[in-house]
Amino acid sequence: MTSSVNNTDVEIDFPTVEAIRANRARLGDRVITTPVRLLVDDALSRAVGDTTRVWLKEELFQRTGSFKPRGALSVMLDLDADALARGVVGVSAGNHAISLGYSARVLGTTATVVMPKTANAFRVQVCRELGATVELVENVHAAFARVEEIEASEGRTFVHPYEGPKTALGTAGVGMEFIDQVRAAGEELDAVIVAAGGGGLTAGVACAVKQMSPSTAVYVVEPEGADTLARSFAAGSPQSIDAVRTIADSLGAPRCEPYSYALNRRFVDEVVLVSDDQIREAMRLTFRAAKLAVEPAGAASLAALMYPLRQRLEGKRVGIVVCGANIDAATFAAQLLA
């Protein structure tokens, strides 16, 4: 299932390439420039086409195991001393929560994270190891409500998991690096595929890619059971879903927010959907071909290339954002064997 979009009907302020580069420099070594790799493998060729060239942006090697610190730090570096001292609060199924714990630690403050009780126990453990206070609640909707209470009672700053100009400014660094690194290797990308939870990563990546390489198509992929952005594109306005029904819990945002929606609307060419079974197949192929053990969200972009986008992108130079790998061994094995 796909949802097309007219990219000319939304006016919104967005980060310039110069601003993206300046912000990346400001983040310094608190984040790393993650590797880019041309993946050459027979099994991959059978899955996506012999003539398709697949470049991986291996953001799973980012500090904390996902792209999330790029956005969290971009927000927190702008807090004044008093706000920083009071600390931050956030809501997440895992990756953003982990990034807040890390970001708070490197900036010398504290973080409270509210997570659904279904959150992977490994991710909860990592949050606590980083020094974050973890609260578990019934579901992600309840988590957002609890964050508002903490924000009001403790004076902590809410760092949204995917919404806002500063978050997009940070995530745009992924797209900027990707284009720079592939160009340094002597190629240009015909397309980039990136997975959406709430749309903060996709908004930033698309914003950077389209400004630096206007002819590069940007495709966003969502799980069928968490199709918030696809519904929003189809409706022409930010939409919500009643529940998250996917193994890719990192992509399970309950609603689309105005700024990230508008930025995606402005720069993304199309949203495509994949099933959980297709994500599992992509996890297996990523493990076999790339030797990477990724969480379901980290395999979603490859799943899109293997299934809904295969024929359209066959023979093209395709960039895949491998967004994260915060998964324990037992859960990873269970998904591969499912």
# chains A, B, ... in the order shown; residues from 1 in each chain; ligands from 1
call {"tool": "residues_around", "arguments": {"residues": "range 227-230 of chain A", "least_positions_apart": "6", "cutoff": "8 Å", "atoms": "only C-alpha atoms", "output": "VMD selection string"}}
result
chain A and resid 2 to 3 196 to 199 238 to 241 253 to 256 261 271 to 273
call {"tool": "select_by_dssp", "arguments": {"residues": "range 146-318 of chain A", "states": "strand (DSSP E)", "output": "number ranges by chain"}}
result
A: 157-158, 191-195, 217-223, 270-274, 317-318
call {"tool": "atom_distance", "arguments": {"atom1": "CA of Val268 in chain A", "atom2": "CA of Gly200 in chain A"}}
result
12.2 Å
call {"tool": "select_by_dssp", "arguments": {"residues": "range 131-207 of chain A", "states": "alpha helix (DSSP H)", "output": "MDAnalysis selection string"}}
result
chainID A and resid 140:154 165:184 200:207
call {"tool": "residues_around", "arguments": {"residues": "Thr286 in chain A", "least_positions_apart": "4", "cutoff": "10 Å", "atoms": "only C-alpha atoms", "output": "ChimeraX atom specification"}}
result
/A:43-44,280-282,290-294,298-299,302-303,322
call {"tool": "atom_distance", "arguments": {"atom1": "CA of Lys117 in chain A", "atom2": "CA of Arg63 in chain A"}}
result
24.5 Å
call {"tool": "closest_residue", "arguments": {"among": "A:Asp29, A:Ala262, A:Ala168, A:Ala208", "to": "Val106 in chain A", "atoms": "only C-alpha atoms"}}
result
A:Asp29
call {"tool": "closest_residue", "arguments": {"among": "A:Leu336, A:Leu285, A:Ala330, A:Ala142", "to": "Asp41 in chain A", "atoms": "only C-alpha atoms"}}
result
A:Leu285
call {"tool": "decode", "arguments": {"residues": "range 257-306 of chain A", "atoms": "N, CA and C atoms", "output": "compact mmCIF listing (two decimals), in the first residue's frame"}}
result
# COMPACT_ATOMS: atom_id res chain seq x y z
N GLU A 257 2.63 14.57 14.38
CA GLU A 257 2.61 15.94 14.91
C GLU A 257 2.80 16.96 13.80
N PRO A 258 2.35 18.20 14.04
CA PRO A 258 2.26 19.17 12.93
C PRO A 258 3.57 19.50 12.22
N TYR A 259 4.64 19.77 12.97
CA TYR A 259 5.86 20.20 12.29
C TYR A 259 6.48 19.05 11.50
N SER A 260 6.64 17.88 12.14
CA SER A 260 7.25 16.76 11.42
C SER A 260 6.38 16.33 10.25
N TYR A 261 5.05 16.40 10.44
CA TYR A 261 4.16 16.09 9.31
C TYR A 261 4.42 17.04 8.14
N ALA A 262 4.47 18.33 8.43
CA ALA A 262 4.65 19.31 7.36
C ALA A 262 6.00 19.16 6.67
N LEU A 263 7.04 18.87 7.44
CA LEU A 263 8.35 18.71 6.84
C LEU A 263 8.40 17.46 5.97
N ASN A 264 7.81 16.38 6.44
CA ASN A 264 7.70 15.18 5.61
C ASN A 264 6.89 15.46 4.35
N ARG A 265 5.80 16.16 4.51
CA ARG A 265 4.93 16.50 3.37
C ARG A 265 5.70 17.31 2.32
N ARG A 266 6.56 18.16 2.80
CA ARG A 266 7.30 19.04 1.91
C ARG A 266 8.37 18.29 1.11
N PHE A 267 9.04 17.31 1.74
CA PHE A 267 10.23 16.73 1.12
C PHE A 267 10.13 15.25 0.75
N VAL A 268 9.20 14.50 1.32
CA VAL A 268 9.12 13.06 1.06
C VAL A 268 8.33 12.80 -0.22
N ASP A 269 8.79 11.88 -1.04
CA ASP A 269 8.10 11.54 -2.28
C ASP A 269 6.92 10.61 -2.05
N GLU A 270 7.11 9.62 -1.16
CA GLU A 270 6.05 8.62 -1.00
C GLU A 270 6.25 7.85 0.30
N VAL A 271 5.13 7.41 0.86
CA VAL A 271 5.15 6.52 2.02
C VAL A 271 4.68 5.13 1.58
N VAL A 272 5.43 4.10 1.95
CA VAL A 272 5.04 2.73 1.63
C VAL A 272 4.94 1.93 2.93
N LEU A 273 4.17 0.86 2.89
CA LEU A 273 3.94 0.03 4.07
C LEU A 273 4.51 -1.36 3.87
N VAL A 274 4.98 -1.95 4.98
CA VAL A 274 5.46 -3.32 4.98
C VAL A 274 4.81 -4.09 6.12
N SER A 275 4.69 -5.39 5.94
CA SER A 275 4.12 -6.25 6.97
C SER A 275 5.19 -6.69 7.95
N ASP A 276 4.77 -7.21 9.08
CA ASP A 276 5.73 -7.74 10.05
C ASP A 276 6.52 -8.91 9.47
N ASP A 277 5.85 -9.76 8.68
CA ASP A 277 6.57 -10.87 8.06
C ASP A 277 7.65 -10.37 7.10
N GLN A 278 7.36 -9.31 6.37
CA GLN A 278 8.36 -8.73 5.48
C GLN A 278 9.53 -8.13 6.26
N ILE A 279 9.23 -7.52 7.41
CA ILE A 279 10.30 -6.99 8.26
C ILE A 279 11.18 -8.13 8.77
N ARG A 280 10.56 -9.23 9.17
CA ARG A 280 11.35 -10.39 9.63
C ARG A 280 12.27 -10.90 8.52
N GLU A 281 11.75 -10.97 7.29
CA GLU A 281 12.59 -11.42 6.18
C GLU A 281 13.77 -10.47 5.98
N ALA A 282 13.53 -9.18 6.15
CA ALA A 282 14.61 -8.20 6.00
C ALA A 282 15.61 -8.32 7.15
N MET A 283 15.13 -8.64 8.35
CA MET A 283 16.05 -8.88 9.47
C MET A 283 16.96 -10.07 9.16
N ARG A 284 16.37 -11.12 8.60
CA ARG A 284 17.17 -12.31 8.26
C ARG A 284 18.21 -11.98 7.18
N LEU A 285 17.79 -11.21 6.18
CA LEU A 285 18.72 -10.86 5.11
C LEU A 285 19.80 -9.91 5.61
N THR A 286 19.45 -8.97 6.47
CA THR A 286 20.45 -8.07 7.04
C THR A 286 21.49 -8.85 7.83
N PHE A 287 21.03 -9.84 8.57
CA PHE A 287 21.95 -10.67 9.35
C PHE A 287 22.84 -11.49 8.43
N ARG A 288 22.26 -12.06 7.38
CA ARG A 288 23.03 -12.90 6.48
C ARG A 288 23.99 -12.09 5.60
N ALA A 289 23.47 -11.05 4.98
CA ALA A 289 24.24 -10.34 3.96
C ALA A 289 25.15 -9.26 4.55
N ALA A 290 24.64 -8.53 5.54
CA ALA A 290 25.41 -7.43 6.10
C ALA A 290 26.09 -7.79 7.41
N LYS A 291 25.75 -8.96 7.96
CA LYS A 291 26.30 -9.41 9.25
C LYS A 291 25.92 -8.45 10.37
N LEU A 292 24.71 -7.91 10.30
CA LEU A 292 24.22 -6.98 11.30
C LEU A 292 23.00 -7.57 12.00
N ALA A 293 23.00 -7.50 13.32
CA ALA A 293 21.85 -7.93 14.11
C ALA A 293 21.05 -6.70 14.49
N VAL A 294 19.97 -6.46 13.76
CA VAL A 294 19.20 -5.22 13.94
C VAL A 294 17.85 -5.52 14.57
N GLU A 295 17.30 -4.51 15.21
CA GLU A 295 15.93 -4.59 15.68
C GLU A 295 14.99 -4.49 14.47
N PRO A 296 13.71 -4.82 14.64
CA PRO A 296 12.80 -4.76 13.49
C PRO A 296 12.80 -3.40 12.78
N ALA A 297 12.81 -2.31 13.53
CA ALA A 297 12.82 -0.99 12.90
C ALA A 297 14.03 -0.80 12.01
N GLY A 298 15.17 -1.37 12.42
CA GLY A 298 16.39 -1.22 11.64
C GLY A 298 16.38 -1.97 10.33
N ALA A 299 15.44 -2.91 10.17
CA ALA A 299 15.33 -3.67 8.93
C ALA A 299 14.20 -3.20 8.03
N ALA A 300 13.41 -2.25 8.50
CA ALA A 300 12.21 -1.85 7.76
C ALA A 300 12.55 -1.24 6.40
N SER A 301 13.61 -0.46 6.34
CA SER A 301 13.96 0.17 5.05
C SER A 301 14.34 -0.87 4.01
N LEU A 302 15.10 -1.88 4.42
CA LEU A 302 15.44 -2.95 3.49
C LEU A 302 14.19 -3.72 3.09
N ALA A 303 13.28 -3.92 4.03
CA ALA A 303 12.02 -4.60 3.71
C ALA A 303 11.26 -3.86 2.61
N ALA A 304 11.29 -2.55 2.66
CA ALA A 304 10.62 -1.76 1.62
C ALA A 304 11.27 -1.96 0.27
N LEU A 305 12.59 -2.06 0.24
CA LEU A 305 13.28 -2.29 -1.03
C LEU A 305 13.03 -3.71 -1.53
N MET A 306 12.93 -4.67 -0.65
CA MET A 306 12.70 -6.06 -1.03
C MET A 306 11.29 -6.30 -1.57
